[in-house]
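Pasted below: target-v5.cif, mmCIF, C-alpha atoms and all ligand atoms.
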data_input
loop_
_atom_site.group_PDB
_atom_site.id
_atom_site.type_symbol
_atom_site.label_atom_id
_atom_site.label_comp_id
_atom_site.auth_asym_id
_atom_site.auth_seq_id
_atom_site.Cartn_x
_atom_site.Cartn_y
_atom_site.Cartn_z
ATOM 1 C CA MET A 883 -13.896 22.070 17.004
ATOM 2 C CA PHE A 884 -14.763 18.375 16.524
ATOM 3 C CA VAL A 885 -12.916 18.289 13.186
ATOM 4 C CA CYS A 886 -9.883 19.885 14.798
ATOM 5 C CA THR A 887 -9.926 17.373 17.633
ATOM 6 C CA GLY A 888 -10.297 14.556 15.108
ATOM 7 C CA ARG A 889 -7.239 15.717 13.191
ATOM 8 C CA LEU A 890 -5.193 16.059 16.324
ATOM 9 C CA LEU A 891 -6.188 12.557 17.348
ATOM 10 C CA HIS A 892 -5.217 11.263 13.925
ATOM 11 C CA VAL A 893 -1.787 12.917 14.057
ATOM 12 C CA ALA A 894 -1.300 11.635 17.597
ATOM 13 C CA ARG A 895 -2.221 8.126 16.446
ATOM 14 C CA VAL A 896 0.204 8.235 13.524
ATOM 15 C CA LEU A 897 2.994 9.480 15.772
ATOM 16 C CA ALA A 898 2.150 6.938 18.473
ATOM 17 C CA CYS A 899 2.206 4.133 15.939
ATOM 18 C CA ARG A 900 5.523 5.271 14.533
ATOM 19 C CA ALA A 901 6.908 5.470 18.052
ATOM 20 C CA GLN A 902 5.632 1.954 18.672
ATOM 21 C CA ILE A 903 7.267 0.658 15.503
ATOM 22 C CA LYS A 904 10.490 2.375 16.505
ATOM 23 C CA GLN A 905 10.289 0.737 19.912
ATOM 24 C CA HIS A 906 9.841 -2.695 18.300
ATOM 25 C CA LEU A 907 12.649 -2.059 15.912
ATOM 26 C CA SER A 908 14.914 -0.983 18.747
ATOM 27 C CA SER A 909 14.171 -4.127 20.716
ATOM 28 C CA ILE A 910 14.937 -6.291 17.694
ATOM 29 C CA SER A 911 17.967 -4.542 16.348
ATOM 30 C CA GLY A 912 19.503 -2.463 19.131
ATOM 31 C CA THR A 913 19.465 1.308 19.177
ATOM 32 C CA ASN A 914 21.871 1.990 16.350
ATOM 33 C CA ASN A 915 20.162 3.973 13.576
ATOM 34 C CA ASP A 916 21.623 1.845 10.781
ATOM 35 C CA ASP A 917 20.330 -1.319 12.449
ATOM 36 C CA LEU A 918 17.004 0.382 12.924
ATOM 37 C CA ALA A 919 16.812 1.265 9.250
ATOM 38 C CA ASN A 920 17.760 -2.292 8.273
ATOM 39 C CA ALA A 921 15.125 -3.772 10.584
ATOM 40 C CA MET A 922 12.350 -1.994 8.669
ATOM 41 C CA GLY A 923 13.023 -4.241 5.689
ATOM 42 C CA LYS A 924 12.869 -7.451 7.706
ATOM 43 C CA ARG A 925 9.859 -9.714 7.887
ATOM 44 C CA ALA A 926 10.482 -10.483 11.599
ATOM 45 C CA THR A 927 10.118 -6.800 12.418
ATOM 46 C CA TRP A 928 6.654 -6.704 10.901
ATOM 47 C CA GLU A 929 5.655 -10.053 12.382
ATOM 48 C CA ASN A 930 6.468 -8.667 15.840
ATOM 49 C CA PHE A 931 4.749 -5.404 15.080
ATOM 50 C CA TYR A 932 1.504 -7.066 13.996
ATOM 51 C CA LYS A 933 1.655 -9.538 16.905
ATOM 52 C CA THR A 934 1.552 -6.589 19.267
ATOM 53 C CA GLN A 935 -1.194 -4.894 17.242
ATOM 54 C CA SER A 936 -3.230 -8.083 17.467
ATOM 55 C CA GLU A 937 -2.649 -8.410 21.238
ATOM 56 C CA GLN A 938 -3.826 -4.825 21.608
ATOM 57 C CA GLY A 939 -6.900 -5.495 19.500
ATOM 58 C CA THR A 940 -5.959 -3.038 16.730
ATOM 59 C CA LYS A 941 -8.129 -3.914 13.744
ATOM 60 C CA GLN A 942 -7.180 -1.151 11.366
ATOM 61 C CA PHE A 943 -4.320 1.227 10.815
ATOM 62 C CA ASP A 944 -3.406 3.254 7.771
ATOM 63 C CA TRP A 945 0.094 4.412 7.096
ATOM 64 C CA PHE A 946 0.519 8.089 6.017
ATOM 65 C CA VAL A 947 -2.930 8.612 4.586
ATOM 66 C CA GLY A 948 -6.238 6.768 4.777
ATOM 67 C CA TYR A 949 -9.134 5.993 2.462
ATOM 68 C CA GLU A 950 -10.597 9.529 2.641
ATOM 69 C CA GLU A 951 -7.336 11.050 1.444
ATOM 70 C CA VAL A 952 -6.559 8.552 -1.330
ATOM 71 C CA VAL A 953 -9.965 7.669 -2.751
ATOM 72 C CA ASP A 954 -10.168 10.640 -5.132
ATOM 73 C CA LEU A 955 -6.594 10.061 -6.245
ATOM 74 C CA VAL A 956 -6.910 6.333 -6.905
ATOM 75 C CA SER A 957 -10.500 6.056 -8.231
ATOM 76 C CA PRO A 958 -9.890 7.756 -11.606
ATOM 77 C CA TYR A 959 -7.325 5.059 -12.454
ATOM 78 C CA LEU A 960 -9.704 2.266 -11.476
ATOM 79 C CA HIS A 961 -12.565 3.781 -13.501
ATOM 80 C CA LYS A 962 -10.351 4.220 -16.542
ATOM 81 C CA HIS A 963 -9.788 0.452 -16.625
ATOM 82 C CA LYS A 964 -13.446 -0.297 -16.166
ATOM 83 C CA LYS A 965 -14.175 1.640 -19.353
ATOM 84 C CA SER A 966 -11.437 -0.068 -21.309
ATOM 85 C CA HIS A 967 -12.186 -3.769 -20.703
ATOM 86 C CA ASN A 968 -15.743 -3.781 -19.434
ATOM 87 C CA SER A 969 -15.320 -6.420 -16.700
ATOM 88 C CA HIS A 970 -13.902 -6.540 -13.162
ATOM 89 C CA VAL A 971 -11.220 -4.000 -12.425
ATOM 90 C CA VAL A 972 -8.382 -5.993 -10.869
ATOM 91 C CA ALA A 973 -6.094 -4.324 -8.351
ATOM 92 C CA LEU A 974 -3.311 -5.387 -6.007
ATOM 93 C CA ASP A 975 -2.705 -3.749 -2.614
ATOM 94 C CA LEU A 976 0.966 -4.528 -2.091
ATOM 95 C CA GLY A 977 1.994 -4.732 1.585
ATOM 96 C CA CYS A 978 -1.568 -3.975 2.664
ATOM 97 C CA GLY A 979 -0.976 -4.378 6.426
ATOM 98 C CA LEU A 980 -4.042 -3.250 8.390
ATOM 99 C CA SER A 981 -4.994 -0.567 5.868
ATOM 100 C CA ASN A 982 -8.692 -0.519 5.041
ATOM 101 C CA VAL A 983 -8.270 1.351 1.745
ATOM 102 C CA ALA A 984 -8.817 -1.771 -0.383
ATOM 103 C CA LEU A 985 -11.738 -2.927 1.773
ATOM 104 C CA ARG A 986 -13.547 0.391 1.537
ATOM 105 C CA MET A 987 -12.886 0.718 -2.194
ATOM 106 C CA CYS A 988 -14.249 -2.757 -2.775
ATOM 107 C CA LEU A 989 -17.340 -2.167 -0.651
ATOM 108 C CA SER A 990 -18.171 1.251 -2.079
ATOM 109 C CA SER A 991 -17.464 0.693 -5.779
ATOM 110 C CA GLU A 992 -20.464 0.749 -8.102
ATOM 111 C CA GLU A 993 -18.456 -1.219 -10.604
ATOM 112 C CA PRO A 994 -17.297 -4.794 -9.997
ATOM 113 C CA MET A 995 -13.892 -4.813 -8.402
ATOM 114 C CA ARG A 996 -11.491 -7.623 -7.554
ATOM 115 C CA ILE A 997 -8.755 -6.546 -5.166
ATOM 116 C CA VAL A 998 -5.953 -8.783 -3.932
ATOM 117 C CA CYS A 999 -4.545 -7.729 -0.559
ATOM 118 C CA ALA A 1000 -1.009 -9.066 -0.175
ATOM 119 C CA ASP A 1001 1.469 -8.857 2.660
ATOM 120 C CA ILE A 1002 4.589 -10.706 3.762
ATOM 121 C CA VAL A 1003 2.964 -11.243 7.189
ATOM 122 C CA MET A 1004 -0.116 -13.421 7.720
ATOM 123 C CA SER A 1005 -1.640 -11.816 10.830
ATOM 124 C CA PRO A 1006 -2.864 -8.517 9.304
ATOM 125 C CA LEU A 1007 -4.340 -10.501 6.405
ATOM 126 C CA GLN A 1008 -6.360 -12.607 8.868
ATOM 127 C CA THR A 1009 -7.582 -9.482 10.674
ATOM 128 C CA MET A 1010 -8.595 -7.831 7.405
ATOM 129 C CA ARG A 1011 -10.288 -11.001 6.148
ATOM 130 C CA GLN A 1012 -12.420 -11.113 9.309
ATOM 131 C CA GLN A 1013 -13.437 -7.488 8.772
ATOM 132 C CA TYR A 1014 -14.270 -8.180 5.145
ATOM 133 C CA GLN A 1015 -16.384 -11.204 6.067
ATOM 134 C CA SER A 1016 -18.261 -9.206 8.691
ATOM 135 C CA THR A 1017 -19.155 -6.437 6.204
ATOM 136 C CA ARG A 1018 -19.919 -8.656 3.212
ATOM 137 C CA GLY A 1019 -23.625 -7.847 3.333
ATOM 138 C CA VAL A 1020 -23.097 -4.187 2.529
ATOM 139 C CA VAL A 1021 -20.997 -4.549 -0.621
ATOM 140 C CA ARG A 1022 -22.364 -2.167 -3.277
ATOM 141 C CA ASN A 1023 -21.732 -4.398 -6.252
ATOM 142 C CA SER A 1024 -22.386 -8.040 -5.395
ATOM 143 C CA GLU A 1025 -19.755 -9.155 -7.915
ATOM 144 C CA SER A 1026 -16.960 -7.285 -6.140
ATOM 145 C CA HIS A 1027 -14.652 -9.204 -3.885
ATOM 146 C CA LEU A 1028 -11.426 -9.072 -1.908
ATOM 147 C CA LEU A 1029 -8.812 -11.812 -1.786
ATOM 148 C CA PHE A 1030 -6.031 -12.136 0.770
ATOM 149 C CA THR A 1031 -2.664 -13.716 0.191
ATOM 150 C CA MET A 1032 0.789 -13.865 1.701
ATOM 151 C CA ALA A 1033 3.344 -12.611 -0.786
ATOM 152 C CA ASP A 1034 6.800 -11.129 -0.926
ATOM 153 C CA ALA A 1035 6.710 -7.952 -3.011
ATOM 154 C CA SER A 1036 10.081 -8.820 -4.518
ATOM 155 C CA GLN A 1037 8.864 -12.247 -5.757
ATOM 156 C CA LEU A 1038 5.199 -11.896 -6.535
ATOM 157 C CA PRO A 1039 3.288 -15.170 -6.952
ATOM 158 C CA PHE A 1040 1.203 -13.822 -9.830
ATOM 159 C CA LYS A 1041 1.422 -14.331 -13.548
ATOM 160 C CA ASP A 1042 2.438 -11.521 -15.894
ATOM 161 C CA ARG A 1043 -0.039 -8.766 -16.794
ATOM 162 C CA CYS A 1044 -2.924 -9.737 -14.499
ATOM 163 C CA PHE A 1045 -3.580 -6.440 -12.631
ATOM 164 C CA ASP A 1046 -4.907 -3.086 -13.804
ATOM 165 C CA VAL A 1047 -3.541 -1.166 -10.833
ATOM 166 C CA VAL A 1048 -0.932 -1.905 -8.167
ATOM 167 C CA LEU A 1049 -1.196 0.176 -5.003
ATOM 168 C CA ASP A 1050 1.877 0.508 -2.799
ATOM 169 C CA LYS A 1051 1.322 2.700 0.237
ATOM 170 C CA GLY A 1052 4.423 2.786 2.407
ATOM 171 C CA THR A 1053 5.667 -0.672 1.359
ATOM 172 C CA THR A 1054 8.586 0.279 -0.860
ATOM 173 C CA ASP A 1055 9.390 2.895 1.781
ATOM 174 C CA VAL A 1056 10.172 0.175 4.312
ATOM 175 C CA ILE A 1057 11.792 -2.244 1.868
ATOM 176 C CA ILE A 1058 14.178 0.478 0.729
ATOM 177 C CA ARG A 1059 15.417 0.793 4.313
ATOM 178 C CA SER A 1060 16.750 -2.767 4.459
ATOM 179 C CA SER A 1061 20.425 -3.589 3.942
ATOM 180 C CA ARG A 1062 19.831 -4.514 0.271
ATOM 181 C CA GLY A 1063 17.283 -1.710 0.077
ATOM 182 C CA GLY A 1064 18.103 -0.094 -3.275
ATOM 183 C CA ASP A 1065 18.336 -3.414 -5.141
ATOM 184 C CA LEU A 1066 15.259 -4.844 -3.455
ATOM 185 C CA ALA A 1067 13.195 -1.723 -4.095
ATOM 186 C CA ARG A 1068 14.164 -1.880 -7.784
ATOM 187 C CA THR A 1069 13.065 -5.527 -7.859
ATOM 188 C CA VAL A 1070 9.747 -4.598 -6.227
ATOM 189 C CA VAL A 1071 9.082 -1.972 -8.907
ATOM 190 C CA GLN A 1072 10.080 -4.438 -11.658
ATOM 191 C CA GLU A 1073 7.773 -7.077 -10.186
ATOM 192 C CA SER A 1074 4.912 -4.567 -9.966
ATOM 193 C CA LEU A 1075 5.383 -3.651 -13.615
ATOM 194 C CA ARG A 1076 5.588 -7.321 -14.589
ATOM 195 C CA VAL A 1077 2.184 -8.114 -13.035
ATOM 196 C CA LEU A 1078 0.556 -4.973 -14.493
ATOM 197 C CA ARG A 1079 -1.394 -5.187 -17.716
ATOM 198 C CA CYS A 1080 -0.223 -2.914 -20.521
ATOM 199 C CA GLY A 1081 -1.770 0.489 -19.809
ATOM 200 C CA GLY A 1082 -1.836 -0.231 -16.055
ATOM 201 C CA GLN A 1083 -0.442 1.907 -13.263
ATOM 202 C CA LEU A 1084 1.702 1.414 -10.209
ATOM 203 C CA LEU A 1085 0.585 3.992 -7.631
ATOM 204 C CA GLN A 1086 3.088 4.574 -4.853
ATOM 205 C CA PHE A 1087 2.206 6.688 -1.828
ATOM 206 C CA SER A 1088 5.369 7.712 -0.031
ATOM 207 C CA ASP A 1089 7.033 10.301 2.142
ATOM 208 C CA GLU A 1090 10.240 9.946 0.133
ATOM 209 C CA ASP A 1091 11.332 13.085 -1.648
ATOM 210 C CA PRO A 1092 11.105 13.094 -5.479
ATOM 211 C CA ASP A 1093 14.866 13.774 -5.696
ATOM 212 C CA ILE A 1094 15.424 10.251 -4.390
ATOM 213 C CA ARG A 1095 12.343 8.289 -5.453
ATOM 214 C CA LEU A 1096 12.354 9.491 -9.074
ATOM 215 C CA THR A 1097 15.884 8.151 -9.550
ATOM 216 C CA LEU A 1098 14.678 4.697 -8.514
ATOM 217 C CA LEU A 1099 11.433 4.779 -10.510
ATOM 218 C CA ASN A 1100 12.859 6.349 -13.665
ATOM 219 C CA GLY A 1101 15.725 3.848 -13.604
ATOM 220 C CA VAL A 1102 13.293 0.918 -13.807
ATOM 221 C CA ALA A 1103 10.713 2.680 -16.014
ATOM 222 C CA SER A 1104 13.269 3.581 -18.674
ATOM 223 C CA ARG A 1105 13.956 -0.137 -19.234
ATOM 224 C CA SER A 1106 10.305 -1.216 -19.008
ATOM 225 C CA ARG A 1107 8.382 0.985 -21.440
ATOM 226 C CA ALA A 1108 6.884 3.023 -18.616
ATOM 227 C CA THR A 1109 6.804 6.675 -17.601
ATOM 228 C CA VAL A 1110 6.782 8.305 -14.177
ATOM 229 C CA THR A 1111 4.908 11.317 -12.821
ATOM 230 C CA PHE A 1112 4.209 12.461 -9.293
ATOM 231 C CA LYS A 1113 2.139 14.862 -7.283
ATOM 232 C CA GLU A 1114 2.466 16.260 -3.793
ATOM 233 C CA ILE A 1115 -0.354 15.503 -1.371
ATOM 234 C CA SER A 1116 -1.040 17.875 1.461
ATOM 235 C CA THR A 1117 -3.081 16.097 4.078
ATOM 236 C CA PRO A 1118 -5.666 17.888 6.233
ATOM 237 C CA HIS A 1119 -3.397 17.416 9.236
ATOM 238 C CA GLY A 1120 -0.587 19.315 7.527
ATOM 239 C CA MET A 1121 1.761 16.447 6.660
ATOM 240 C CA GLU A 1122 3.143 16.192 3.136
ATOM 241 C CA TYR A 1123 3.386 13.033 1.075
ATOM 242 C CA PHE A 1124 3.824 12.146 -2.568
ATOM 243 C CA MET A 1125 1.888 10.033 -5.004
ATOM 244 C CA TYR A 1126 4.114 8.524 -7.696
ATOM 245 C CA VAL A 1127 2.453 7.112 -10.796
ATOM 246 C CA VAL A 1128 4.380 4.644 -12.939
ATOM 247 C CA GLN A 1129 2.390 4.297 -16.144
ATOM 248 C CA LYS A 1130 3.004 1.152 -18.177
ATOM 249 C CA GLU A 1131 2.629 1.774 -21.900
ATOM 250 C CA SER A 1132 -0.458 0.377 -23.631
HETATM 251 C C1 LIG B 1201 4.547 0.826 6.307
HETATM 252 S S1 LIG B 1201 3.541 -0.558 6.318
HETATM 253 C C2 LIG B 1201 2.248 -0.057 5.184
HETATM 254 C C3 LIG B 1201 0.977 -0.833 5.363
HETATM 255 C C4 LIG B 1201 -0.206 -0.379 4.474
HETATM 256 N N1 LIG B 1201 0.141 -0.403 3.067
HETATM 257 C C5 LIG B 1201 -0.701 0.992 4.851
HETATM 258 O O1 LIG B 1201 -0.710 1.869 3.995
HETATM 259 O O2 LIG B 1201 -1.108 1.194 5.982
HETATM 260 C C6 LIG B 1201 4.507 -1.651 5.312
HETATM 261 C C7 LIG B 1201 3.858 -3.002 5.057
HETATM 262 O O3 LIG B 1201 4.665 -3.723 4.130
HETATM 263 C C8 LIG B 1201 4.749 -5.077 4.532
HETATM 264 N N2 LIG B 1201 5.977 -5.620 3.942
HETATM 265 C C9 LIG B 1201 7.256 -5.401 4.330
HETATM 266 N N3 LIG B 1201 8.099 -6.035 3.512
HETATM 267 C C10 LIG B 1201 7.342 -6.657 2.562
HETATM 268 C C11 LIG B 1201 7.628 -7.466 1.436
HETATM 269 N N4 LIG B 1201 8.880 -7.768 1.086
HETATM 270 N N5 LIG B 1201 6.599 -7.942 0.708
HETATM 271 C C12 LIG B 1201 5.311 -7.659 1.042
HETATM 272 N N6 LIG B 1201 4.977 -6.888 2.095
HETATM 273 C C13 LIG B 1201 5.984 -6.392 2.840
HETATM 274 C C14 LIG B 1201 4.737 -5.018 6.048
HETATM 275 O O4 LIG B 1201 4.344 -6.247 6.636
HETATM 276 C C15 LIG B 1201 3.747 -3.882 6.287
HETATM 277 O O5 LIG B 1201 2.433 -4.375 6.387
#
Structure rendered as structure tokens:
Amino acid sequence: MFVCTGRLLHVARVLACRAQIKQHLSSISGTNNDDLANAMGKRATWENFYKTQSEQGTKQFDWFVGYEEVVDLVSPYLHKHKKSHNSHVVALDLGCGLSNVALRMCLSSEEPMRIVCADIVMSPLQTMRQQYQSTRGVVRNSESHLLFTMADASQLPFKDRCFDVVLDKGTTDVIIRSSRGGDLARTVVQESLRVLRCGGQLLQFSDEDPDIRLTLLNGVASRSRATVTFKEISTPHGMEYFMYVVQKES
């Protein structure tokens, strides 16, 4: 009964948040659906969205799926890297927003983990940094840490081959909806592959159907010595998403 109520609340929260985003988008871009789609790829849209979240005191929100649903899917990739280079596993959460996936992974990992949380908007990074600072005492491995930085996913301020794993949960999904969506999304995938070490993985969580997303990912992967696989994720609340894995060759 409690579990059921919890799920219903979660679904209601996701829908409410989407409705809220839609409302923001409408106020910025008018009610036309094309404008609405374009607004999703604009920084101003997200700045306004997070301003409202901050005014309402929202400290955490996960798009699509949260830590509980992704931890078993993402952890095997992180552990694989730990075995191979025997030092910190280095990951990037691209367009992290108010997701606490990176925070919880960092806090709960037995192995030392360095995770960079990046977003094009500053406000969610500040909120997440405060949460990280307030929980610092309970980190499982004292060498693990989180870093926060503003970054545009299409022009990443990182050198080549410095991450083991890049996590993109819902970020390409919004970038692809902008007016230059297809081109920008391709650039985001190229940038992700550029910053990945050889043997690293780009993990995309998305609601976009494989018919569409695989065309984008395979197009970039075929020119970058990478391969693409995917799996369907059925969430406990009955929504369906996909996890795309772009594997950079060793
Ligand atoms: C749908 S939300 C997903 C947030 C988070 N990853 C999650 O799973 O809850 C998309 C995020 O991408 C960010 N974003 C949009 N365009 C971006 C860009 N060009 N570079 C980096 N982040 C971007 C937004 O600010 C927003 O936080």
Set out as CSV a contact list for chain A and ligand LIG 1201 (chain B) with a cut-off of 9 Å, giving each residue of chain A that qualifies its closest atom pair and distance in Å to one decimal, counting only C-alpha atoms and all ligand atoms, ordered by chain and rising residue number.
residue,atom,partner,partner_atom,distance
A:Met922,CA,B:LIG1201,C9,7.5
A:Gly923,CA,B:LIG1201,N3,5.7
A:Lys924,CA,B:LIG1201,N3,6.5
A:Arg925,CA,B:LIG1201,N3,6.0
A:Ala926,CA,B:LIG1201,O4,9.0
A:Thr927,CA,B:LIG1201,O4,8.2
A:Trp928,CA,B:LIG1201,O4,4.9
A:Glu929,CA,B:LIG1201,O4,7.0
A:Phe931,CA,B:LIG1201,O4,8.5
A:Tyr932,CA,B:LIG1201,O4,7.9
A:Gln942,CA,B:LIG1201,O2,8.4
A:Phe943,CA,B:LIG1201,O2,5.8
A:Asp944,CA,B:LIG1201,O2,3.6
A:Trp945,CA,B:LIG1201,O2,3.6
A:Phe946,CA,B:LIG1201,O1,6.7
A:Val947,CA,B:LIG1201,O1,7.1
A:Gly948,CA,B:LIG1201,O1,7.4
A:Asp975,CA,B:LIG1201,N1,7.2
A:Leu976,CA,B:LIG1201,C12,6.2
A:Gly977,CA,B:LIG1201,N6,3.7
A:Cys978,CA,B:LIG1201,N1,4.0
A:Gly979,CA,B:LIG1201,O5,3.4
A:Leu980,CA,B:LIG1201,O2,5.8
A:Ser981,CA,B:LIG1201,O2,4.3
A:Asn982,CA,B:LIG1201,O2,7.8
A:Val983,CA,B:LIG1201,O1,7.9
A:Ala1000,CA,B:LIG1201,C12,6.6
A:Asp1001,CA,B:LIG1201,N6,4.1
A:Ile1002,CA,B:LIG1201,C12,4.1
A:Val1003,CA,B:LIG1201,O4,5.2
A:Met1004,CA,B:LIG1201,O4,8.5
A:Pro1006,CA,B:LIG1201,O5,7.3
A:Met1032,CA,B:LIG1201,C12,7.7
A:Ala1033,CA,B:LIG1201,C12,5.6
A:Asp1034,CA,B:LIG1201,N5,3.6
A:Ala1035,CA,B:LIG1201,N5,3.7
A:Ser1036,CA,B:LIG1201,N4,5.8
A:Gln1037,CA,B:LIG1201,N5,8.1
A:Leu1038,CA,B:LIG1201,N5,8.4
A:Leu1049,CA,B:LIG1201,N1,8.2
A:Asp1050,CA,B:LIG1201,N1,6.2
A:Lys1051,CA,B:LIG1201,O1,4.4
A:Gly1052,CA,B:LIG1201,C1,4.4
A:Thr1053,CA,B:LIG1201,C6,4.2
A:Thr1054,CA,B:LIG1201,O3,7.5
A:Asp1055,CA,B:LIG1201,C1,6.9
A:Val1056,CA,B:LIG1201,C1,6.0
A:Ile1057,CA,B:LIG1201,N3,5.5
A:Leu1066,CA,B:LIG1201,N4,8.4
A:Val1070,CA,B:LIG1201,N4,8.0
A:Phe1087,CA,B:LIG1201,O1,8.1
Rounded to one decimal, what separation in Å do you get between CA of Glu937 in chain A and CA of Gln1008 in chain A?
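Separation of CA of Glu937 in chain A and CA of Gln1008 in chain A: 13.6 Å.
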Fewer than 6 positions away in the same chain doesn't count, so skip those; otherwise give me all residues within 6 Å of range 1014-1028 of chain A, counting all atoms listed in the file, as a PyMOL selection string.
chain A and resi 989-990+992+994-998
Point-to-point distance in Å for CA of Gly1081 in chain A and CA of Glu1114 in chain A:
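Computed distance, CA of Glu1114 in chain A to CA of Gly1081 in chain A, equals 22.9 Å.
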What residues come out when you apply the PyMOL selection byres (((chain A and resi 1089) around 7) and not hetatm) to this file, written as a ChimeraX atom specification?
/A:1088,1090-1091,1123-1124
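For the point (12.1, 1.2, -16.9) in file coordinates, the residues within 12 Å, using only C-alpha atoms, are Arg1068, Thr1069, Val1071, Gln1072, Glu1073, Ser1074, Leu1075, Arg1076, Leu1096, Thr1097, Leu1098, Leu1099, Asn1100, Gly1101, Val1102, Ala1103, Ser1104, Arg1105, Ser1106, Arg1107, Ala1108, Thr1109, Val1110, Val1128, Gln1129, Lys1130 and Glu1131 of chain A.
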Just how far from CA of Val972 in chain A is CA of Met987 in chain A, in Å to one decimal?
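Rounded to one decimal, the two atoms are 11.9 Å apart.
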Using the atoms already present, construct all heavy atoms for range 931-937 of chain A and hand them back as a PDB file, in the frame of the given file.
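Dumped to selection-v1.pdb:
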ATOM      1  N   PHE A 931       5.604  -6.593  15.034  1.00  0.00           N
ATOM      2  CA  PHE A 931       4.749  -5.404  15.080  1.00  0.00           C
ATOM      3  C   PHE A 931       3.269  -5.799  15.056  1.00  0.00           C
ATOM      4  O   PHE A 931       2.471  -5.364  15.894  1.00  0.00           O
ATOM      5  CB  PHE A 931       5.084  -4.482  13.899  1.00  0.00           C
ATOM      6  CG  PHE A 931       4.153  -3.312  13.791  1.00  0.00           C
ATOM      7  CD1 PHE A 931       4.192  -2.285  14.721  1.00  0.00           C
ATOM      8  CD2 PHE A 931       3.218  -3.243  12.772  1.00  0.00           C
ATOM      9  CE1 PHE A 931       3.316  -1.201  14.634  1.00  0.00           C
ATOM     10  CE2 PHE A 931       2.341  -2.165  12.681  1.00  0.00           C
ATOM     11  CZ  PHE A 931       2.389  -1.148  13.609  1.00  0.00           C
ATOM     12  N   TYR A 932       2.914  -6.691  14.110  1.00  0.00           N
ATOM     13  CA  TYR A 932       1.504  -7.066  13.996  1.00  0.00           C
ATOM     14  C   TYR A 932       1.057  -7.976  15.143  1.00  0.00           C
ATOM     15  O   TYR A 932      -0.121  -7.990  15.494  1.00  0.00           O
ATOM     16  CB  TYR A 932       1.226  -7.704  12.630  1.00  0.00           C
ATOM     17  CG  TYR A 932       1.229  -6.676  11.526  1.00  0.00           C
ATOM     18  CD1 TYR A 932       2.128  -6.740  10.471  1.00  0.00           C
ATOM     19  CD2 TYR A 932       0.346  -5.588  11.563  1.00  0.00           C
ATOM     20  CE1 TYR A 932       2.150  -5.772   9.471  1.00  0.00           C
ATOM     21  CE2 TYR A 932       0.362  -4.614  10.567  1.00  0.00           C
ATOM     22  CZ  TYR A 932       1.264  -4.714   9.531  1.00  0.00           C
ATOM     23  OH  TYR A 932       1.279  -3.749   8.548  1.00  0.00           O
ATOM     24  N   LYS A 933       2.004  -8.715  15.742  1.00  0.00           N
ATOM     25  CA  LYS A 933       1.655  -9.538  16.905  1.00  0.00           C
ATOM     26  C   LYS A 933       1.185  -8.607  18.031  1.00  0.00           C
ATOM     27  O   LYS A 933       0.145  -8.828  18.653  1.00  0.00           O
ATOM     28  CB  LYS A 933       2.901 -10.326  17.337  1.00  0.00           C
ATOM     29  CG  LYS A 933       2.680 -11.293  18.439  1.00  0.00           C
ATOM     30  CD  LYS A 933       3.872 -12.277  18.526  1.00  0.00           C
ATOM     31  CE  LYS A 933       3.765 -13.158  19.735  1.00  0.00           C
ATOM     32  NZ  LYS A 933       4.345 -12.581  20.934  1.00  0.00           N
ATOM     33  N   THR A 934       1.933  -7.544  18.219  1.00  0.00           N
ATOM     34  CA  THR A 934       1.552  -6.589  19.267  1.00  0.00           C
ATOM     35  C   THR A 934       0.228  -5.905  18.921  1.00  0.00           C
ATOM     36  O   THR A 934      -0.636  -5.713  19.782  1.00  0.00           O
ATOM     37  CB  THR A 934       2.656  -5.520  19.451  1.00  0.00           C
ATOM     38  OG1 THR A 934       3.876  -6.203  19.650  1.00  0.00           O
ATOM     39  CG2 THR A 934       2.366  -4.604  20.617  1.00  0.00           C
ATOM     40  N   GLN A 935       0.067  -5.530  17.648  1.00  0.00           N
ATOM     41  CA  GLN A 935      -1.194  -4.894  17.242  1.00  0.00           C
ATOM     42  C   GLN A 935      -2.375  -5.821  17.529  1.00  0.00           C
ATOM     43  O   GLN A 935      -3.412  -5.390  18.014  1.00  0.00           O
ATOM     44  CB  GLN A 935      -1.173  -4.561  15.744  1.00  0.00           C
ATOM     45  CG  GLN A 935      -0.133  -3.548  15.333  1.00  0.00           C
ATOM     46  CD  GLN A 935      -0.303  -2.228  16.049  1.00  0.00           C
ATOM     47  OE1 GLN A 935      -1.390  -1.678  16.121  1.00  0.00           O
ATOM     48  NE2 GLN A 935       0.780  -1.720  16.616  1.00  0.00           N
ATOM     49  N   SER A 936      -2.166  -7.108  17.246  1.00  0.00           N
ATOM     50  CA  SER A 936      -3.230  -8.083  17.467  1.00  0.00           C
ATOM     51  C   SER A 936      -3.519  -8.228  18.959  1.00  0.00           C
ATOM     52  O   SER A 936      -4.685  -8.247  19.373  1.00  0.00           O
ATOM     53  CB  SER A 936      -2.782  -9.405  16.831  1.00  0.00           C
ATOM     54  OG  SER A 936      -3.578 -10.429  17.269  1.00  0.00           O
ATOM     55  N   GLU A 937      -2.457  -8.300  19.781  1.00  0.00           N
ATOM     56  CA  GLU A 937      -2.649  -8.410  21.238  1.00  0.00           C
ATOM     57  C   GLU A 937      -3.407  -7.194  21.779  1.00  0.00           C
ATOM     58  O   GLU A 937      -4.184  -7.285  22.716  1.00  0.00           O
ATOM     59  CB  GLU A 937      -1.291  -8.537  21.944  1.00  0.00           C
ATOM     60  CG  GLU A 937      -0.683  -9.926  21.794  1.00  0.00           C
ATOM     61  CD  GLU A 937       0.812  -9.976  22.091  1.00  0.00           C
ATOM     62  OE1 GLU A 937       1.401  -8.941  22.504  1.00  0.00           O
ATOM     63  OE2 GLU A 937       1.406 -11.048  21.890  1.00  0.00           O
TER      64      GLU A 937
END
